[in-house]
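Participant: One structure, pasted below without further comment.
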Amino acid sequence: MIDLRSDTVTQPTPDMRRAMAEAEVGDDVYGEDPTIARLEELGADMMGKEAAVFVPSGTMGNQIAVLAQTTPGDEIILEAEAHVFYYEVGGLARLGGLQTRTVPGEHGRIRPEQVAAAVRDENIHFPRTTLLCLENTHNRAGGTVLTVEQTAALAAVAHEHGLNVHLDGARVFNAAVALGVPVADLAAPCDTVMFCLSKGLSAPVGSLVAGPAATIARVRQFRKLLGGGMRQAGVLAAAGLIALQHMPARLAEDHEHARRLALGLAELPGVQVDLETVQTNIVIFHLSGSVSGPALVSGLREHGVLANATGPKSVRFVTHKDITAADIDTTVQAVAGLLRAVA
Ligand SMILES: *Cc1c(COP(=O)(O)O)cnc(C)c1O
């Protein structure tokens with residue numbers, strides 16, 4: 001199978017499996033797992049933050065970062081299709097007791113003026129606005145990046161109004177590679193950042209939340225509250241260390257494959273791809289003919305290609321380390337064949 005559903009499907013490398021088998025471990029709830037300690041230190045360093053905490057998933061990381069920086073009844077500002085808002089099971093309401101103020105972005109990007117306009121004044125009728133959530137790269141917009149300057153401008157407005165800023169950086173290494181900047185520069189304007197080891201970086205499990213030491217201490221306590229305190233999880237952190245040390249450099253290849261895929265799809269009648277949005281490892285394309293997204297996805301499955309429909313007329317492909325250039329060409333041919341068959 002050519003699995004383009006997500007970069008979460010990546011298999012751990014042989015090096016990761018070896019490191020997992022040999023990892024030195026201890027009880028991390030007691031703070032005694034040396035491999036987790038090394039991972040958290042490296043993750044904090046790479047993001048230019050004081051501290052970091054290892055969490056089982058990006059979703060938990062985002063949610064507990066938000067919990068640590070808000071009070072129930074607060075309002076938080078997010079782009080309208082943000083993962084934290086769209087795909088996290090209503091956790092902001094259920095766990096955080098938060099009200100959301102969503103702002104429509106262009107290719108996932110909101111403007112500083114929109115943030116300024118969304119912040120509540122002081123008024124007896126209003127909730128307090130306490131957090132701005134950004135997302136880089138933006139998943140539902142097709143892996144689009146926020147530059148350092150854009151991130152800084154958004155964070156500056158938020159900070160002027162007394163808000164904290166959380167970056168959902170599940171794929172922030174993809175953004176850094178695409179922009180050719182150190183990942184710490186993308187994290188610097190934000191108070192906290194969550195990033196995934198288990199996506200393009202190919203670790204089997206885990207994400208990190210990085211930020212100021214006092215905030216991360218609170219994040220760590222919320223992790224325990226949600227049942228995310230893990231014991232000898234150094235076996236997972238060992239793979240995470242390899243993910244951080246060795247995997248970011250190869251993401252450029254995933255981006256080249258996504259570009260190749262998008263250019264191939266753009267040639268096909270009945271397919272629309274906005275090439276401007278293909279900046280990293282995600283390709284979302286739209287179908288203008290009679291075929292629906294879900295129908296195309298099930299047709300592709302029969303040709304050995306897995307993808308996700310993101311809407312009635314849209315399909316998403318995500319490239320990653322287990323996809324070759326030949327797989328890309330096979331995929332374009334499969335889409336072409338299916339569309340020809342119904343034309
Ligand atoms: C995948 C993803 C997450 C959540 O990560 P999980 O580990 O799947 O919970 C959060 N934000 C974005 C933008 C993502 O793409």
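By order in the structure tokens, chains are A, B, ...; within a chain, residues start at 1; ligands start at 1, following the order shown.
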Which residues form the shell of 6 Å around ligand 1 when you count only C-alpha atoms and all ligand atoms, given as a VMD selection string?
Facilitator: chain A and resid 57 to 59 83 138 to 139 168 170
Participant: Using the selection just defined, write its residues with N, CA, C and O atoms as a compact mmCIF listing (two decimals), in the first residue's frame.
Facilitator:
```txt
# COMPACT_ATOMS: atom_id res chain seq x y z
N SER A 57 0.57 12.54 23.01
CA SER A 57 0.04 12.93 21.70
C SER A 57 0.03 14.44 21.56
O SER A 57 0.06 15.18 22.55
N GLY A 58 -0.07 14.87 20.31
CA GLY A 58 -0.16 16.30 20.04
C GLY A 58 -1.43 16.89 20.61
O GLY A 58 -1.45 18.02 21.10
N THR A 59 -2.50 16.13 20.53
CA THR A 59 -3.77 16.61 21.06
C THR A 59 -3.66 16.89 22.55
O THR A 59 -4.06 17.96 23.04
N HIS A 83 -6.55 23.14 14.05
CA HIS A 83 -6.65 21.77 14.57
C HIS A 83 -7.22 21.77 15.98
O HIS A 83 -8.10 20.97 16.32
N HIS A 138 -0.08 24.85 8.84
CA HIS A 138 -1.53 24.77 9.03
C HIS A 138 -2.07 23.55 8.29
O HIS A 138 -2.00 23.48 7.06
N ASN A 139 -2.61 22.63 9.06
CA ASN A 139 -3.05 21.34 8.53
C ASN A 139 -4.16 21.49 7.49
O ASN A 139 -4.00 21.14 6.32
N ASP A 168 0.55 25.73 17.95
CA ASP A 168 0.37 24.33 17.59
C ASP A 168 1.35 24.06 16.45
O ASP A 168 1.07 24.32 15.28
N ALA A 170 2.63 21.15 15.48
CA ALA A 170 2.71 19.70 15.20
C ALA A 170 3.74 19.44 14.10
O ALA A 170 4.55 18.52 14.20
```
Participant: Would you list the contacts of segment 116-129 of chain A as JSON, numbers by chain, taking every protein, DNA or RNA residue within 6 Å and counting only C-alpha atoms, but skipping same-chain residues closer than 4 positions in sequence?
Facilitator: {"A": [74, 75, 76]}
Participant: I need the residues in segment 111-174 of chain A that are alpha helix (DSSP H) according to DSSP; give them as a ChimeraX atom specification.
Facilitator: /A:112-118,148-160,172-174
Participant: I'd like the contact shell of Ala341 of chain A - 12 Å cut-off, only C-alpha atoms, skipping same-chain residues fewer than 4 positions apart - returned as a list in words.
Facilitator: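 Near neighbours after the sequence-gap exclusion: Ser290, Val291, Leu296, Gly299, Ala334, Val335, Ala336 and Gly337 of chain A.
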Participant: Can you list, as JSON, numbers by chain, every protein, DNA or RNA residue that comes within 10 Å of segment 61-70 of chain A when you count only C-alpha atoms, leaving out same-chain residues fewer than 3 positions away?
Facilitator: {"A": [53, 54, 55, 56, 57, 58, 73, 74, 75, 76, 83, 84, 88, 91, 92, 95, 96, 97, 98, 128, 129, 130, 131, 132, 133, 163, 164, 165, 166, 167, 168, 169, 170, 191, 192, 193, 194, 195, 196, 206, 207, 208, 209, 210, 211, 214, 215, 216, 217, 218, 219, 220, 221, 222, 223, 224, 225, 226, 228]}
Participant: From the list A:Ala178, A:Ile110, A:Ala52, A:Leu244, which residue is nearest Ala155 of chain A when using only C-alpha atoms?
Facilitator: A:Ile110
Participant: Quick one: residues within 10 Å of Arg5 of chain A, only C-alpha atoms counted, chain neighbours fewer than 5 positions away excluded, as a ChimeraX atom specification?
Facilitator: /A:282,297,305-309,315-319
Participant: Suppose you want the space between atom CA of Leu300 of chain A and atom CA of Phe173 of chain A; what is it in Å?
Facilitator: 29.4 Å
Participant: Just the residues within 8 Å of Leu39 of chain A, please, counting only C-alpha atoms, with nothing from its chain fewer than 2 positions along; format it as a list in words.
Facilitator: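 Surrounding residues, per the criterion: Thr35, Ile36, Ala37, Glu41, Leu42, Gly43, Phe54, Ala237, Ala238, Gly240 and Leu241 of chain A.
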Participant: So which residues of segment 61-283 of chain A fall under strand (DSSP E or B) by DSSP, listed as an mmCIF file with C-alpha atoms, in the first residue's frame?
Facilitator:
```
data_model
loop_
_atom_site.group_PDB
_atom_site.id
_atom_site.type_symbol
_atom_site.label_atom_id
_atom_site.label_comp_id
_atom_site.auth_asym_id
_atom_site.auth_seq_id
_atom_site.Cartn_x
_atom_site.Cartn_y
_atom_site.Cartn_z
ATOM 1 C CA GLU A 75 -12.255 33.374 25.495
ATOM 2 C CA ILE A 76 -9.420 32.272 23.213
ATOM 3 C CA ILE A 77 -8.701 33.314 19.631
ATOM 4 C CA LEU A 78 -8.002 30.760 16.900
ATOM 5 C CA GLU A 79 -8.027 30.565 13.130
ATOM 6 C CA GLN A 99 -15.287 29.995 24.733
ATOM 7 C CA THR A 100 -13.718 30.150 21.286
ATOM 8 C CA ARG A 101 -13.472 33.164 19.037
ATOM 9 C CA THR A 102 -12.603 31.880 15.570
ATOM 10 C CA VAL A 103 -11.246 34.162 12.883
ATOM 11 C CA GLU A 106 -6.365 33.117 4.209
ATOM 12 C CA ARG A 109 -3.100 32.714 8.075
ATOM 13 C CA THR A 129 -9.532 37.065 26.210
ATOM 14 C CA THR A 130 -6.399 35.298 27.419
ATOM 15 C CA LEU A 131 -4.829 33.227 24.639
ATOM 16 C CA LEU A 132 -4.069 33.289 20.925
ATOM 17 C CA CYS A 133 -3.462 29.897 19.266
ATOM 18 C CA LEU A 134 -1.443 29.765 16.058
ATOM 19 C CA GLU A 135 -0.762 26.731 13.858
ATOM 20 C CA HIS A 138 -1.530 24.774 9.029
ATOM 21 C CA THR A 144 0.960 26.284 4.664
ATOM 22 C CA ASN A 164 -0.358 34.559 25.844
ATOM 23 C CA VAL A 165 0.408 32.793 22.567
ATOM 24 C CA HIS A 166 0.412 29.032 22.031
ATOM 25 C CA LEU A 167 1.818 27.597 18.824
ATOM 26 C CA ASP A 168 0.365 24.326 17.588
ATOM 27 C CA THR A 192 4.460 27.829 24.412
ATOM 28 C CA VAL A 193 4.899 25.467 21.483
ATOM 29 C CA MET A 194 3.696 21.904 20.952
ATOM 30 C CA PHE A 195 5.485 19.812 18.333
ATOM 31 C CA CYS A 196 5.070 16.196 17.246
ATOM 32 C CA SER A 207 5.026 15.102 21.271
ATOM 33 C CA LEU A 208 6.641 17.789 23.390
ATOM 34 C CA VAL A 209 5.338 21.029 24.859
ATOM 35 C CA ALA A 210 8.027 23.666 25.402
ATOM 36 C CA GLY A 211 7.865 27.025 27.158
ATOM 37 C CA VAL A 271 -8.625 18.330 -10.557
ATOM 38 C CA GLN A 272 -7.896 21.682 -8.983
ATOM 39 C CA VAL A 273 -4.809 22.206 -6.873
ATOM 40 C CA ILE A 282 0.559 18.209 2.327
ATOM 41 C CA VAL A 283 -1.405 18.324 -0.927
#
```
Participant: I'd like the contact shell of Gln11 of chain A - 10 Å cut-off, only C-alpha atoms, skipping same-chain residues fewer than 2 positions apart - returned as a PDB file with C-alpha atoms, in the first residue's frame.
Facilitator:
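Saved as result03.pdb:
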```pdb
ATOM      1  CA  ASP A   7       2.756  11.333   8.054  1.00  0.00           C
ATOM      2  CA  THR A   8       1.586   9.730  11.307  1.00  0.00           C
ATOM      3  CA  VAL A   9       1.774   6.347   9.525  1.00  0.00           C
ATOM      4  CA  THR A  13      13.626   3.561  11.685  1.00  0.00           C
ATOM      5  CA  PRO A  14      15.904   0.599  12.525  1.00  0.00           C
ATOM      6  CA  MET A  16      14.969   4.004  16.591  1.00  0.00           C
ATOM      7  CA  ARG A  17      14.051   0.390  17.297  1.00  0.00           C
ATOM      8  CA  SER A 198       5.379  11.031  15.602  1.00  0.00           C
ATOM      9  CA  LYS A 199       4.573  12.709  12.278  1.00  0.00           C
ATOM     10  CA  LEU A 201       9.942  12.917  12.262  1.00  0.00           C
ATOM     11  CA  SER A 202       8.814   9.259  12.334  1.00  0.00           C
ATOM     12  CA  ALA A 203       8.994   8.403  16.042  1.00  0.00           C
ATOM     13  CA  PRO A 204       6.318   5.859  16.983  1.00  0.00           C
ATOM     14  CA  LYS A 321       9.752   9.167   4.670  1.00  0.00           C
ATOM     15  CA  ASP A 322       8.109   5.875   3.625  1.00  0.00           C
TER      16      ASP A 322
END
```
